[in-house]
>>> print(open('data_39.cif').read())   # mmCIF, N, CA and C atoms
data_my_file
loop_
_atom_site.label_atom_id
_atom_site.label_comp_id
_atom_site.auth_asym_id
_atom_site.auth_seq_id
_atom_site.Cartn_x
_atom_site.Cartn_y
_atom_site.Cartn_z
N MET A 210 158.65 200.05 210.30
CA MET A 210 159.22 199.54 211.54
C MET A 210 158.07 199.20 212.47
N GLY A 211 158.33 198.32 213.38
CA GLY A 211 157.32 197.92 214.33
C GLY A 211 157.96 197.26 215.52
N ALA A 212 157.12 196.91 216.47
CA ALA A 212 157.61 196.32 217.70
C ALA A 212 157.71 194.81 217.65
N ALA A 213 156.99 194.18 216.73
CA ALA A 213 157.00 192.72 216.68
C ALA A 213 158.39 192.22 216.30
N GLY A 214 158.88 191.29 217.10
CA GLY A 214 160.22 190.76 216.87
C GLY A 214 160.25 189.26 217.04
N ARG A 215 161.33 188.77 217.59
CA ARG A 215 161.55 187.33 217.69
C ARG A 215 160.55 186.63 218.60
N ALA A 216 160.12 187.25 219.66
CA ALA A 216 159.15 186.61 220.56
C ALA A 216 157.82 186.41 219.83
N GLU A 217 157.39 187.42 219.08
CA GLU A 217 156.15 187.30 218.32
C GLU A 217 156.29 186.29 217.19
N LEU A 218 157.46 186.24 216.57
CA LEU A 218 157.73 185.25 215.53
C LEU A 218 157.64 183.84 216.11
N SER A 219 158.22 183.66 217.27
CA SER A 219 158.19 182.35 217.92
C SER A 219 156.76 181.94 218.24
N ALA A 220 155.96 182.87 218.73
CA ALA A 220 154.55 182.57 219.03
C ALA A 220 153.79 182.21 217.76
N ALA A 221 154.03 182.95 216.68
CA ALA A 221 153.35 182.65 215.41
C ALA A 221 153.79 181.30 214.87
N ALA A 222 155.07 180.97 215.02
CA ALA A 222 155.57 179.66 214.55
C ALA A 222 154.91 178.53 215.33
N GLU A 223 154.74 178.73 216.61
CA GLU A 223 154.05 177.72 217.43
C GLU A 223 152.62 177.52 216.96
N GLU A 224 151.95 178.62 216.61
CA GLU A 224 150.55 178.54 216.14
C GLU A 224 150.44 177.74 214.85
N VAL A 225 151.29 178.05 213.86
CA VAL A 225 151.19 177.36 212.57
C VAL A 225 151.70 175.93 212.64
N THR A 226 152.49 175.64 213.64
CA THR A 226 152.87 174.25 213.87
C THR A 226 151.71 173.50 214.50
N ALA A 227 151.11 174.10 215.50
CA ALA A 227 150.00 173.45 216.22
C ALA A 227 148.77 173.26 215.34
N ASP A 228 148.49 174.23 214.44
CA ASP A 228 147.27 174.11 213.64
C ASP A 228 147.43 173.25 212.38
N GLY A 229 148.64 172.70 212.17
CA GLY A 229 148.86 171.80 211.06
C GLY A 229 149.36 172.44 209.78
N THR A 230 149.51 173.76 209.78
CA THR A 230 149.97 174.45 208.58
C THR A 230 151.35 173.96 208.15
N VAL A 231 152.26 173.83 209.08
CA VAL A 231 153.62 173.39 208.74
C VAL A 231 153.58 172.00 208.14
N GLU A 232 152.88 171.10 208.79
CA GLU A 232 152.82 169.72 208.31
C GLU A 232 152.15 169.62 206.96
N SER A 233 151.12 170.41 206.70
CA SER A 233 150.43 170.33 205.41
C SER A 233 151.23 170.98 204.29
N THR A 234 152.11 171.91 204.61
CA THR A 234 152.92 172.59 203.60
C THR A 234 154.18 171.80 203.26
N ARG A 235 154.70 171.07 204.20
CA ARG A 235 155.96 170.34 204.02
C ARG A 235 155.98 169.46 202.76
N PRO A 236 154.95 168.64 202.47
CA PRO A 236 155.01 167.80 201.27
C PRO A 236 155.06 168.60 199.97
N THR A 237 154.40 169.74 199.94
CA THR A 237 154.41 170.59 198.75
C THR A 237 155.81 171.12 198.47
N VAL A 238 156.50 171.52 199.53
CA VAL A 238 157.86 172.02 199.39
C VAL A 238 158.79 170.87 198.99
N ARG A 239 158.68 169.77 199.68
CA ARG A 239 159.57 168.63 199.39
C ARG A 239 159.38 168.09 197.97
N ALA A 240 158.16 168.16 197.46
CA ALA A 240 157.88 167.67 196.10
C ALA A 240 158.32 168.67 195.03
N GLY A 241 158.75 169.86 195.44
CA GLY A 241 159.19 170.86 194.49
C GLY A 241 158.08 171.71 193.90
N HIS A 242 156.88 171.62 194.46
CA HIS A 242 155.77 172.43 193.97
C HIS A 242 155.80 173.85 194.51
N LYS A 243 156.55 174.07 195.57
CA LYS A 243 156.66 175.41 196.17
C LYS A 243 158.09 175.60 196.60
N THR A 244 158.61 176.80 196.35
CA THR A 244 159.96 177.15 196.78
C THR A 244 159.85 178.27 197.79
N LEU A 245 160.52 178.10 198.91
CA LEU A 245 160.58 179.11 199.96
C LEU A 245 162.00 179.65 200.03
N ILE A 246 162.12 180.96 200.18
CA ILE A 246 163.43 181.59 200.36
C ILE A 246 163.31 182.54 201.54
N ALA A 247 164.35 182.56 202.38
CA ALA A 247 164.35 183.42 203.56
C ALA A 247 165.68 184.13 203.71
N ALA A 248 165.61 185.31 204.29
CA ALA A 248 166.81 186.03 204.73
C ALA A 248 166.90 185.76 206.23
N LEU A 249 168.03 185.20 206.66
CA LEU A 249 168.17 184.77 208.04
C LEU A 249 169.16 185.65 208.80
N ALA A 250 168.89 185.80 210.09
CA ALA A 250 169.86 186.43 210.98
C ALA A 250 171.00 185.45 211.21
N SER A 251 172.08 185.89 211.77
CA SER A 251 173.24 185.02 211.97
C SER A 251 172.92 183.83 212.88
N ASP A 252 171.88 183.94 213.71
CA ASP A 252 171.49 182.81 214.57
C ASP A 252 170.45 181.91 213.92
N GLY A 253 170.12 182.18 212.65
CA GLY A 253 169.15 181.35 211.93
C GLY A 253 167.72 181.83 212.00
N THR A 254 167.45 182.89 212.71
CA THR A 254 166.10 183.44 212.79
C THR A 254 165.69 184.02 211.44
N PRO A 255 164.54 183.59 210.88
CA PRO A 255 164.10 184.18 209.61
C PRO A 255 163.65 185.62 209.82
N LEU A 256 164.23 186.53 209.05
CA LEU A 256 163.89 187.94 209.15
C LEU A 256 162.96 188.37 208.02
N ALA A 257 163.08 187.74 206.87
CA ALA A 257 162.21 188.02 205.73
C ALA A 257 162.04 186.72 204.96
N VAL A 258 160.85 186.51 204.42
CA VAL A 258 160.55 185.26 203.71
C VAL A 258 159.66 185.55 202.51
N GLY A 259 159.58 184.58 201.63
CA GLY A 259 158.67 184.64 200.49
C GLY A 259 158.65 183.29 199.81
N HIS A 260 157.74 183.12 198.86
CA HIS A 260 157.64 181.83 198.18
C HIS A 260 157.10 182.01 196.77
N TYR A 261 157.24 180.96 195.98
CA TYR A 261 156.57 180.88 194.69
C TYR A 261 156.23 179.43 194.42
N HIS A 262 155.22 179.22 193.59
CA HIS A 262 154.82 177.86 193.20
C HIS A 262 154.45 177.89 191.73
N PRO A 263 155.35 177.39 190.88
CA PRO A 263 155.17 177.49 189.43
C PRO A 263 154.13 176.53 188.88
N ALA A 264 153.55 176.94 187.77
CA ALA A 264 152.62 176.08 187.01
C ALA A 264 152.75 176.45 185.54
N ASN A 265 153.12 175.50 184.73
CA ASN A 265 153.20 175.70 183.28
C ASN A 265 154.05 176.91 182.89
N GLY A 266 155.20 177.07 183.51
CA GLY A 266 156.12 178.14 183.13
C GLY A 266 155.76 179.51 183.66
N THR A 267 154.79 179.58 184.58
CA THR A 267 154.36 180.85 185.16
C THR A 267 154.30 180.70 186.67
N THR A 268 154.60 181.78 187.38
CA THR A 268 154.47 181.74 188.83
C THR A 268 154.18 183.12 189.39
N GLU A 269 153.56 183.11 190.53
CA GLU A 269 153.37 184.33 191.31
C GLU A 269 154.26 184.24 192.53
N ILE A 270 155.01 185.30 192.78
CA ILE A 270 155.75 185.39 194.02
C ILE A 270 154.77 185.89 195.07
N GLY A 271 154.75 185.25 196.20
CA GLY A 271 153.81 185.64 197.24
C GLY A 271 154.38 185.46 198.62
N GLY A 272 153.60 185.88 199.59
CA GLY A 272 153.96 185.69 200.98
C GLY A 272 155.23 186.40 201.39
N VAL A 273 155.61 187.44 200.67
CA VAL A 273 156.83 188.16 201.03
C VAL A 273 156.52 189.03 202.24
N GLY A 274 157.29 188.84 203.26
CA GLY A 274 157.09 189.62 204.48
C GLY A 274 158.37 189.71 205.27
N THR A 275 158.46 190.75 206.06
CA THR A 275 159.64 190.99 206.88
C THR A 275 159.20 191.18 208.32
N LEU A 276 159.93 190.60 209.24
CA LEU A 276 159.69 190.80 210.65
C LEU A 276 159.76 192.31 210.92
N PRO A 277 158.74 192.88 211.58
CA PRO A 277 158.72 194.35 211.75
C PRO A 277 160.01 194.95 212.30
N THR A 278 160.66 194.28 213.23
CA THR A 278 161.90 194.84 213.79
C THR A 278 163.07 194.78 212.80
N ALA A 279 162.89 194.08 211.68
CA ALA A 279 163.97 193.95 210.69
C ALA A 279 163.67 194.73 209.41
N ARG A 280 162.63 195.53 209.39
CA ARG A 280 162.25 196.25 208.17
C ARG A 280 163.21 197.39 207.87
N ARG A 281 163.11 197.88 206.64
CA ARG A 281 163.87 199.02 206.13
C ARG A 281 165.37 198.70 206.00
N GLN A 282 165.66 197.41 205.71
CA GLN A 282 167.04 196.99 205.48
C GLN A 282 167.19 196.38 204.08
N GLY A 283 166.12 196.38 203.29
CA GLY A 283 166.18 195.81 201.96
C GLY A 283 166.01 194.30 201.91
N LEU A 284 165.57 193.70 203.01
CA LEU A 284 165.45 192.24 203.06
C LEU A 284 164.32 191.72 202.17
N ALA A 285 163.17 192.39 202.17
CA ALA A 285 162.06 191.95 201.31
C ALA A 285 162.46 192.05 199.84
N ALA A 286 163.15 193.11 199.48
CA ALA A 286 163.61 193.26 198.10
C ALA A 286 164.60 192.15 197.75
N ALA A 287 165.50 191.83 198.67
CA ALA A 287 166.48 190.77 198.42
C ALA A 287 165.79 189.41 198.26
N VAL A 288 164.82 189.13 199.11
CA VAL A 288 164.09 187.87 199.01
C VAL A 288 163.32 187.81 197.69
N THR A 289 162.66 188.89 197.32
CA THR A 289 161.89 188.93 196.07
C THR A 289 162.81 188.72 194.87
N ALA A 290 163.94 189.40 194.86
CA ALA A 290 164.90 189.24 193.76
C ALA A 290 165.42 187.81 193.70
N ALA A 291 165.70 187.21 194.85
CA ALA A 291 166.20 185.82 194.88
C ALA A 291 165.13 184.85 194.39
N LEU A 292 163.88 185.08 194.77
CA LEU A 292 162.78 184.23 194.29
C LEU A 292 162.64 184.32 192.78
N ALA A 293 162.67 185.55 192.24
CA ALA A 293 162.53 185.73 190.79
C ALA A 293 163.70 185.07 190.06
N ALA A 294 164.91 185.24 190.55
CA ALA A 294 166.08 184.63 189.91
C ALA A 294 166.00 183.11 189.98
N HIS A 295 165.61 182.58 191.11
CA HIS A 295 165.50 181.13 191.26
C HIS A 295 164.45 180.58 190.30
N ALA A 296 163.31 181.25 190.23
CA ALA A 296 162.24 180.80 189.33
C ALA A 296 162.73 180.79 187.88
N ARG A 297 163.36 181.87 187.46
CA ARG A 297 163.87 181.96 186.08
C ARG A 297 164.92 180.88 185.82
N ASP A 298 165.79 180.66 186.80
CA ASP A 298 166.84 179.63 186.66
C ASP A 298 166.25 178.22 186.59
N HIS A 299 165.01 178.07 187.01
CA HIS A 299 164.36 176.77 187.00
C HIS A 299 163.23 176.68 185.97
N GLY A 300 163.37 177.47 184.90
CA GLY A 300 162.48 177.32 183.76
C GLY A 300 161.20 178.12 183.75
N VAL A 301 161.00 178.99 184.72
CA VAL A 301 159.78 179.81 184.74
C VAL A 301 160.00 181.01 183.82
N GLN A 302 159.10 181.17 182.85
CA GLN A 302 159.23 182.29 181.91
C GLN A 302 158.51 183.55 182.38
N THR A 303 157.40 183.39 183.09
CA THR A 303 156.62 184.55 183.52
C THR A 303 156.54 184.55 185.04
N VAL A 304 157.04 185.63 185.64
CA VAL A 304 157.00 185.81 187.08
C VAL A 304 156.20 187.07 187.36
N PHE A 305 155.20 186.95 188.21
CA PHE A 305 154.41 188.13 188.54
C PHE A 305 154.17 188.22 190.03
N LEU A 306 153.69 189.38 190.47
CA LEU A 306 153.39 189.64 191.87
C LEU A 306 152.12 190.45 191.94
N ALA A 307 151.50 190.45 193.09
CA ALA A 307 150.36 191.31 193.37
C ALA A 307 150.72 192.14 194.60
N TYR A 308 150.14 193.30 194.70
CA TYR A 308 150.42 194.15 195.85
C TYR A 308 149.18 194.97 196.17
N ALA A 309 149.11 195.41 197.42
CA ALA A 309 147.98 196.21 197.85
C ALA A 309 148.38 197.65 198.15
N GLU A 310 149.67 197.87 198.36
CA GLU A 310 150.14 199.20 198.75
C GLU A 310 151.14 199.73 197.73
N GLU A 311 151.05 201.01 197.46
CA GLU A 311 151.96 201.64 196.50
C GLU A 311 153.42 201.55 196.96
N SER A 312 153.66 201.58 198.25
CA SER A 312 155.03 201.46 198.75
C SER A 312 155.64 200.12 198.35
N VAL A 313 154.84 199.07 198.31
CA VAL A 313 155.31 197.75 197.88
C VAL A 313 155.55 197.76 196.37
N ALA A 314 154.66 198.40 195.63
CA ALA A 314 154.83 198.49 194.17
C ALA A 314 156.15 199.17 193.82
N ARG A 315 156.55 200.18 194.58
CA ARG A 315 157.82 200.87 194.33
C ARG A 315 159.00 199.91 194.47
N ILE A 316 158.95 199.04 195.46
CA ILE A 316 160.02 198.05 195.64
C ILE A 316 160.08 197.14 194.43
N TYR A 317 158.92 196.66 193.98
CA TYR A 317 158.87 195.75 192.83
C TYR A 317 159.36 196.44 191.56
N ARG A 318 159.00 197.71 191.37
CA ARG A 318 159.48 198.45 190.20
C ARG A 318 161.01 198.57 190.23
N ARG A 319 161.58 198.82 191.39
CA ARG A 319 163.04 198.92 191.50
C ARG A 319 163.71 197.61 191.12
N LEU A 320 163.00 196.50 191.28
CA LEU A 320 163.55 195.19 190.94
C LEU A 320 163.32 194.82 189.48
N GLY A 321 162.64 195.71 188.73
CA GLY A 321 162.44 195.47 187.30
C GLY A 321 161.05 194.99 186.91
N PHE A 322 160.16 194.82 187.87
CA PHE A 322 158.79 194.44 187.53
C PHE A 322 158.05 195.66 187.00
N ARG A 323 157.06 195.41 186.17
CA ARG A 323 156.26 196.51 185.62
C ARG A 323 154.78 196.15 185.71
N PRO A 324 153.91 197.16 185.78
CA PRO A 324 152.48 196.89 185.89
C PRO A 324 151.95 196.12 184.68
N ALA A 325 151.03 195.21 184.94
CA ALA A 325 150.41 194.42 183.86
C ALA A 325 149.04 194.96 183.50
N ASP A 326 148.51 195.88 184.26
CA ASP A 326 147.21 196.52 184.05
C ASP A 326 146.03 195.62 184.43
N VAL A 327 146.06 194.36 184.09
CA VAL A 327 144.93 193.47 184.37
C VAL A 327 145.45 192.20 185.01
N THR A 328 144.77 191.77 186.06
CA THR A 328 145.12 190.50 186.67
C THR A 328 143.85 189.70 186.89
N LEU A 329 144.02 188.42 187.03
CA LEU A 329 142.91 187.51 187.28
C LEU A 329 143.20 186.77 188.56
N LEU A 330 142.26 186.81 189.48
CA LEU A 330 142.41 186.09 190.74
C LEU A 330 141.54 184.84 190.67
N ILE A 331 142.17 183.70 190.86
CA ILE A 331 141.45 182.44 190.89
C ILE A 331 141.43 181.98 192.34
N ALA A 332 140.25 181.96 192.93
CA ALA A 332 140.11 181.61 194.32
C ALA A 332 139.68 180.16 194.49
N ASN A 333 139.84 179.68 195.69
CA ASN A 333 139.41 178.34 196.06
C ASN A 333 140.05 177.25 195.21
N GLN A 334 141.33 177.41 194.96
CA GLN A 334 142.06 176.38 194.22
C GLN A 334 142.38 175.22 195.15
N PRO A 335 142.31 174.01 194.65
CA PRO A 335 142.73 172.88 195.49
C PRO A 335 144.23 172.91 195.71
N ALA A 336 144.66 172.53 196.87
CA ALA A 336 146.09 172.51 197.18
C ALA A 336 146.75 171.37 196.42
N ARG A 337 147.95 171.64 195.90
CA ARG A 337 148.74 170.59 195.25
C ARG A 337 149.63 169.95 196.28
N SER A 338 149.82 168.67 196.18
CA SER A 338 150.76 168.01 197.08
C SER A 338 151.74 167.19 196.29
#
>>> encode(input="data_39.cif", output="structure tokens")
Amino acid sequence: MGAAGRAELSAAAEEVTADGTVESTRPTVRAGHKTLIAALASDGTPLAVGHYHPANGTTEIGGVGTLPTARRQGLAAAVTAALAAHARDHGVQTVFLAYAEESVARIYRRLGFRPADVTLLIANQPARS
């Protein structure tokens, strides 16, 4: 739980709009290279979000986060499960995730993910559009 809520979300949205992040991401989403899923409040405010971008039948689910005032309601787990189901329904055979905290790993295990023991991080990849 935390204090950050809708006002902080609005400020962050303004920042990523102003710095060009929204505009640079839009073509990737529209072209189908990235899928975004969100859990929304009844007024349309995103409470939890995540994404995946498949390549050759494999994808990593990433960017899963929940607005601090909306945590501990199962929203991140719901978004992660929806992303995995959507990816599988769209031909992705291998879905994986990375995590830094054991508390996050517990959520992923409850959803059926299991440790892979070894991962490879490829940095500085060119953006696809």
>>> resolve_selection(input="data_39.cif", expression="the PyMOL selection byres ((chain A and resi 257) around 5)", output="short mmCIF file (atom, residue, chain, number, x, y, z; two decimals) with N, CA and C atoms, in the frame of the given file")
data_model
loop_
_atom_site.label_atom_id
_atom_site.label_comp_id
_atom_site.auth_asym_id
_atom_site.auth_seq_id
_atom_site.Cartn_x
_atom_site.Cartn_y
_atom_site.Cartn_z
N ALA A 247 164.35 182.56 202.38
CA ALA A 247 164.35 183.42 203.56
C ALA A 247 165.68 184.13 203.71
N ALA A 248 165.61 185.31 204.29
CA ALA A 248 166.81 186.03 204.73
C ALA A 248 166.90 185.76 206.23
N PRO A 255 164.54 183.59 210.88
CA PRO A 255 164.10 184.18 209.61
C PRO A 255 163.65 185.62 209.82
N LEU A 256 164.23 186.53 209.05
CA LEU A 256 163.89 187.94 209.15
C LEU A 256 162.96 188.37 208.02
N VAL A 258 160.85 186.51 204.42
CA VAL A 258 160.55 185.26 203.71
C VAL A 258 159.66 185.55 202.51
N GLY A 259 159.58 184.58 201.63
CA GLY A 259 158.67 184.64 200.49
C GLY A 259 158.65 183.29 199.81
N GLY A 274 157.29 188.84 203.26
CA GLY A 274 157.09 189.62 204.48
C GLY A 274 158.37 189.71 205.27
N THR A 275 158.46 190.75 206.06
CA THR A 275 159.64 190.99 206.88
C THR A 275 159.20 191.18 208.32
N LEU A 276 159.93 190.60 209.24
CA LEU A 276 159.69 190.80 210.65
C LEU A 276 159.76 192.31 210.92
#
>>> closest_residue(input="data_39.cif", among="A:Thr289, A:Ser219, A:Gln282, A:Thr268", to="Val304 of chain A", atoms="only C-alpha atoms")
A:Thr268
>>> select_by_dssp(input="data_39.cif", residues="chain A", states="alpha helix (DSSP H)", output="ChimeraX atom specification")
/A:215-227,230-239,284-298,311-319
>>> atom_distance(input="data_39.cif", atom1="atom N of Gly266 of chain A", atom2="atom C of Ala296 of chain A")
9.5 Å
>>> resolve_selection(input="data_39.cif", expression="the PyMOL selection byres ((chain A and resi 262) around 8)", output="PyMOL selection string")
chain A and resi 241-245+260-261+263-265+267-271
>>> resolve_selection(input="data_39.cif", expression="the PyMOL selection byres ((chain A and resi 214) around 7)", output="NGL selection string")
:A and (211-213 or 215-219 or 276-279)
>>> atom_distance(input="data_39.cif", atom1="atom CA of Leu249 of chain A", atom2="atom CA of Ala222 of chain A")
15.1 Å
>>> atom_distance(input="data_39.cif", atom1="atom CA of Ile246 of chain A", atom2="atom CA of Ala287 of chain A")
9.9 Å
>>> closest_residue(input="data_39.cif", among="A:Ala220, A:Val231, A:Asp326, A:Leu320", to="Ala286 of chain A", atoms="only N, CA and C atoms")
A:Leu320
>>> select_by_dssp(input="data_39.cif", residues="segment 251-312 of chain A", states="strand (DSSP E)", output="PyMOL selection string")
chain A and resi 255-261+267-275+303-306
>>> write_last_selection(input="data_39.cif", atoms="N, CA and C atoms", output="short mmCIF file (atom, residue, chain, number, x, y, z; two decimals), in the coordinates of the input")
data_model
loop_
_atom_site.label_atom_id
_atom_site.label_comp_id
_atom_site.auth_asym_id
_atom_site.auth_seq_id
_atom_site.Cartn_x
_atom_site.Cartn_y
_atom_site.Cartn_z
N PRO A 255 164.54 183.59 210.88
CA PRO A 255 164.10 184.18 209.61
C PRO A 255 163.65 185.62 209.82
N LEU A 256 164.23 186.53 209.05
CA LEU A 256 163.89 187.94 209.15
C LEU A 256 162.96 188.37 208.02
N ALA A 257 163.08 187.74 206.87
CA ALA A 257 162.21 188.02 205.73
C ALA A 257 162.04 186.72 204.96
N VAL A 258 160.85 186.51 204.42
CA VAL A 258 160.55 185.26 203.71
C VAL A 258 159.66 185.55 202.51
N GLY A 259 159.58 184.58 201.63
CA GLY A 259 158.67 184.64 200.49
C GLY A 259 158.65 183.29 199.81
N HIS A 260 157.74 183.12 198.86
CA HIS A 260 157.64 181.83 198.18
C HIS A 260 157.10 182.01 196.77
N TYR A 261 157.24 180.96 195.98
CA TYR A 261 156.57 180.88 194.69
C TYR A 261 156.23 179.43 194.42
N THR A 267 154.79 179.58 184.58
CA THR A 267 154.36 180.85 185.16
C THR A 267 154.30 180.70 186.67
N THR A 268 154.60 181.78 187.38
CA THR A 268 154.47 181.74 188.83
C THR A 268 154.18 183.12 189.39
N GLU A 269 153.56 183.11 190.53
CA GLU A 269 153.37 184.33 191.31
C GLU A 269 154.26 184.24 192.53
N ILE A 270 155.01 185.30 192.78
CA ILE A 270 155.75 185.39 194.02
C ILE A 270 154.77 185.89 195.07
N GLY A 271 154.75 185.25 196.20
CA GLY A 271 153.81 185.64 197.24
C GLY A 271 154.38 185.46 198.62
N GLY A 272 153.60 185.88 199.59
CA GLY A 272 153.96 185.69 200.98
C GLY A 272 155.23 186.40 201.39
N VAL A 273 155.61 187.44 200.67
CA VAL A 273 156.83 188.16 201.03
C VAL A 273 156.52 189.03 202.24
N GLY A 274 157.29 188.84 203.26
CA GLY A 274 157.09 189.62 204.48
C GLY A 274 158.37 189.71 205.27
N THR A 275 158.46 190.75 206.06
CA THR A 275 159.64 190.99 206.88
C THR A 275 159.20 191.18 208.32
N THR A 303 157.40 183.39 183.09
CA THR A 303 156.62 184.55 183.52
C THR A 303 156.54 184.55 185.04
N VAL A 304 157.04 185.63 185.64
CA VAL A 304 157.00 185.81 187.08
C VAL A 304 156.20 187.07 187.36
N PHE A 305 155.20 186.95 188.21
CA PHE A 305 154.41 188.13 188.54
C PHE A 305 154.17 188.22 190.03
N LEU A 306 153.69 189.38 190.47
CA LEU A 306 153.39 189.64 191.87
C LEU A 306 152.12 190.45 191.94
#
>>> closest_residue(input="data_39.cif", among="A:His299, A:Leu306, A:Val238, A:Arg323", to="Val273 of chain A", atoms="only C-alpha atoms")
A:Leu306
>>> residues_around(input="data_39.cif", residues="Pro324 of chain A", least_positions_apart="2", cutoff="10 Å", atoms="only C-alpha atoms", output="PyMOL selection string")
chain A and resi 305-307+314+317-318+322+326-328
>>> write_last_selection(input="data_39.cif", atoms="N, CA and C atoms", output="mmCIF file, in the coordinates of the input")
data_model
loop_
_atom_site.group_PDB
_atom_site.id
_atom_site.type_symbol
_atom_site.label_atom_id
_atom_site.label_comp_id
_atom_site.auth_asym_id
_atom_site.auth_seq_id
_atom_site.Cartn_x
_atom_site.Cartn_y
_atom_site.Cartn_z
ATOM 1 N N PHE A 305 155.200 186.950 188.210
ATOM 2 C CA PHE A 305 154.410 188.130 188.540
ATOM 3 C C PHE A 305 154.170 188.220 190.030
ATOM 4 N N LEU A 306 153.690 189.380 190.470
ATOM 5 C CA LEU A 306 153.390 189.640 191.870
ATOM 6 C C LEU A 306 152.120 190.450 191.940
ATOM 7 N N ALA A 307 151.500 190.450 193.090
ATOM 8 C CA ALA A 307 150.360 191.310 193.370
ATOM 9 C C ALA A 307 150.720 192.140 194.600
ATOM 10 N N ALA A 314 154.660 198.400 195.630
ATOM 11 C CA ALA A 314 154.830 198.490 194.170
ATOM 12 C C ALA A 314 156.150 199.170 193.820
ATOM 13 N N TYR A 317 158.920 196.660 193.980
ATOM 14 C CA TYR A 317 158.870 195.750 192.830
ATOM 15 C C TYR A 317 159.360 196.440 191.560
ATOM 16 N N ARG A 318 159.000 197.710 191.370
ATOM 17 C CA ARG A 318 159.480 198.450 190.200
ATOM 18 C C ARG A 318 161.010 198.570 190.230
ATOM 19 N N PHE A 322 160.160 194.820 187.870
ATOM 20 C CA PHE A 322 158.790 194.440 187.530
ATOM 21 C C PHE A 322 158.050 195.660 187.000
ATOM 22 N N ASP A 326 148.510 195.880 184.260
ATOM 23 C CA ASP A 326 147.210 196.520 184.050
ATOM 24 C C ASP A 326 146.030 195.620 184.430
ATOM 25 N N VAL A 327 146.060 194.360 184.090
ATOM 26 C CA VAL A 327 144.930 193.470 184.370
ATOM 27 C C VAL A 327 145.450 192.200 185.010
ATOM 28 N N THR A 328 144.770 191.770 186.060
ATOM 29 C CA THR A 328 145.120 190.500 186.670
ATOM 30 C C THR A 328 143.850 189.700 186.890
#
>>> axis_aligned_box(input="data_39.cif", around="segment 270-282 of chain A", padding_each_side="5 Å", output="lines of an AutoDock Vina configuration file")
center_x = 160.4
center_y = 192.1
center_z = 203.3
size_x = 23.6
size_y = 23.8
size_z = 31.0
>>> build_atoms(input="data_39.cif", residues="segment 307-318 of chain A", atoms="N, CA, C and O atoms", output="PDB file, in the coordinates of the input")
ATOM      1  N   ALA A 307     151.500 190.450 193.090  1.00  0.00           N
ATOM      2  CA  ALA A 307     150.360 191.310 193.370  1.00  0.00           C
ATOM      3  C   ALA A 307     150.720 192.140 194.600  1.00  0.00           C
ATOM      4  O   ALA A 307     151.515 191.713 195.427  1.00  0.00           O
ATOM      5  N   TYR A 308     150.140 193.300 194.700  1.00  0.00           N
ATOM      6  CA  TYR A 308     150.420 194.150 195.850  1.00  0.00           C
ATOM      7  C   TYR A 308     149.180 194.970 196.170  1.00  0.00           C
ATOM      8  O   TYR A 308     148.320 195.202 195.318  1.00  0.00           O
ATOM      9  N   ALA A 309     149.110 195.410 197.420  1.00  0.00           N
ATOM     10  CA  ALA A 309     147.980 196.210 197.850  1.00  0.00           C
ATOM     11  C   ALA A 309     148.380 197.650 198.150  1.00  0.00           C
ATOM     12  O   ALA A 309     147.544 198.531 198.183  1.00  0.00           O
ATOM     13  N   GLU A 310     149.670 197.870 198.360  1.00  0.00           N
ATOM     14  CA  GLU A 310     150.140 199.200 198.750  1.00  0.00           C
ATOM     15  C   GLU A 310     151.140 199.730 197.730  1.00  0.00           C
ATOM     16  O   GLU A 310     151.993 198.996 197.245  1.00  0.00           O
ATOM     17  N   GLU A 311     151.050 201.010 197.460  1.00  0.00           N
ATOM     18  CA  GLU A 311     151.960 201.640 196.500  1.00  0.00           C
ATOM     19  C   GLU A 311     153.420 201.550 196.960  1.00  0.00           C
ATOM     20  O   GLU A 311     154.322 201.412 196.142  1.00  0.00           O
ATOM     21  N   SER A 312     153.660 201.580 198.250  1.00  0.00           N
ATOM     22  CA  SER A 312     155.030 201.460 198.750  1.00  0.00           C
ATOM     23  C   SER A 312     155.640 200.120 198.350  1.00  0.00           C
ATOM     24  O   SER A 312     156.835 200.029 198.050  1.00  0.00           O
ATOM     25  N   VAL A 313     154.840 199.070 198.310  1.00  0.00           N
ATOM     26  CA  VAL A 313     155.310 197.750 197.880  1.00  0.00           C
ATOM     27  C   VAL A 313     155.550 197.760 196.370  1.00  0.00           C
ATOM     28  O   VAL A 313     156.549 197.221 195.895  1.00  0.00           O
ATOM     29  N   ALA A 314     154.660 198.400 195.630  1.00  0.00           N
ATOM     30  CA  ALA A 314     154.830 198.490 194.170  1.00  0.00           C
ATOM     31  C   ALA A 314     156.150 199.170 193.820  1.00  0.00           C
ATOM     32  O   ALA A 314     156.819 198.771 192.870  1.00  0.00           O
ATOM     33  N   ARG A 315     156.550 200.180 194.580  1.00  0.00           N
ATOM     34  CA  ARG A 315     157.820 200.870 194.330  1.00  0.00           C
ATOM     35  C   ARG A 315     159.000 199.910 194.470  1.00  0.00           C
ATOM     36  O   ARG A 315     159.948 199.942 193.683  1.00  0.00           O
ATOM     37  N   ILE A 316     158.950 199.040 195.460  1.00  0.00           N
ATOM     38  CA  ILE A 316     160.020 198.050 195.640  1.00  0.00           C
ATOM     39  C   ILE A 316     160.080 197.140 194.430  1.00  0.00           C
ATOM     40  O   ILE A 316     161.153 196.887 193.869  1.00  0.00           O
ATOM     41  N   TYR A 317     158.920 196.660 193.980  1.00  0.00           N
ATOM     42  CA  TYR A 317     158.870 195.750 192.830  1.00  0.00           C
ATOM     43  C   TYR A 317     159.360 196.440 191.560  1.00  0.00           C
ATOM     44  O   TYR A 317     160.066 195.843 190.761  1.00  0.00           O
ATOM     45  N   ARG A 318     159.000 197.710 191.370  1.00  0.00           N
ATOM     46  CA  ARG A 318     159.480 198.450 190.200  1.00  0.00           C
ATOM     47  C   ARG A 318     161.010 198.570 190.230  1.00  0.00           C
ATOM     48  O   ARG A 318     161.661 198.447 189.196  1.00  0.00           O
TER      49      ARG A 318
END
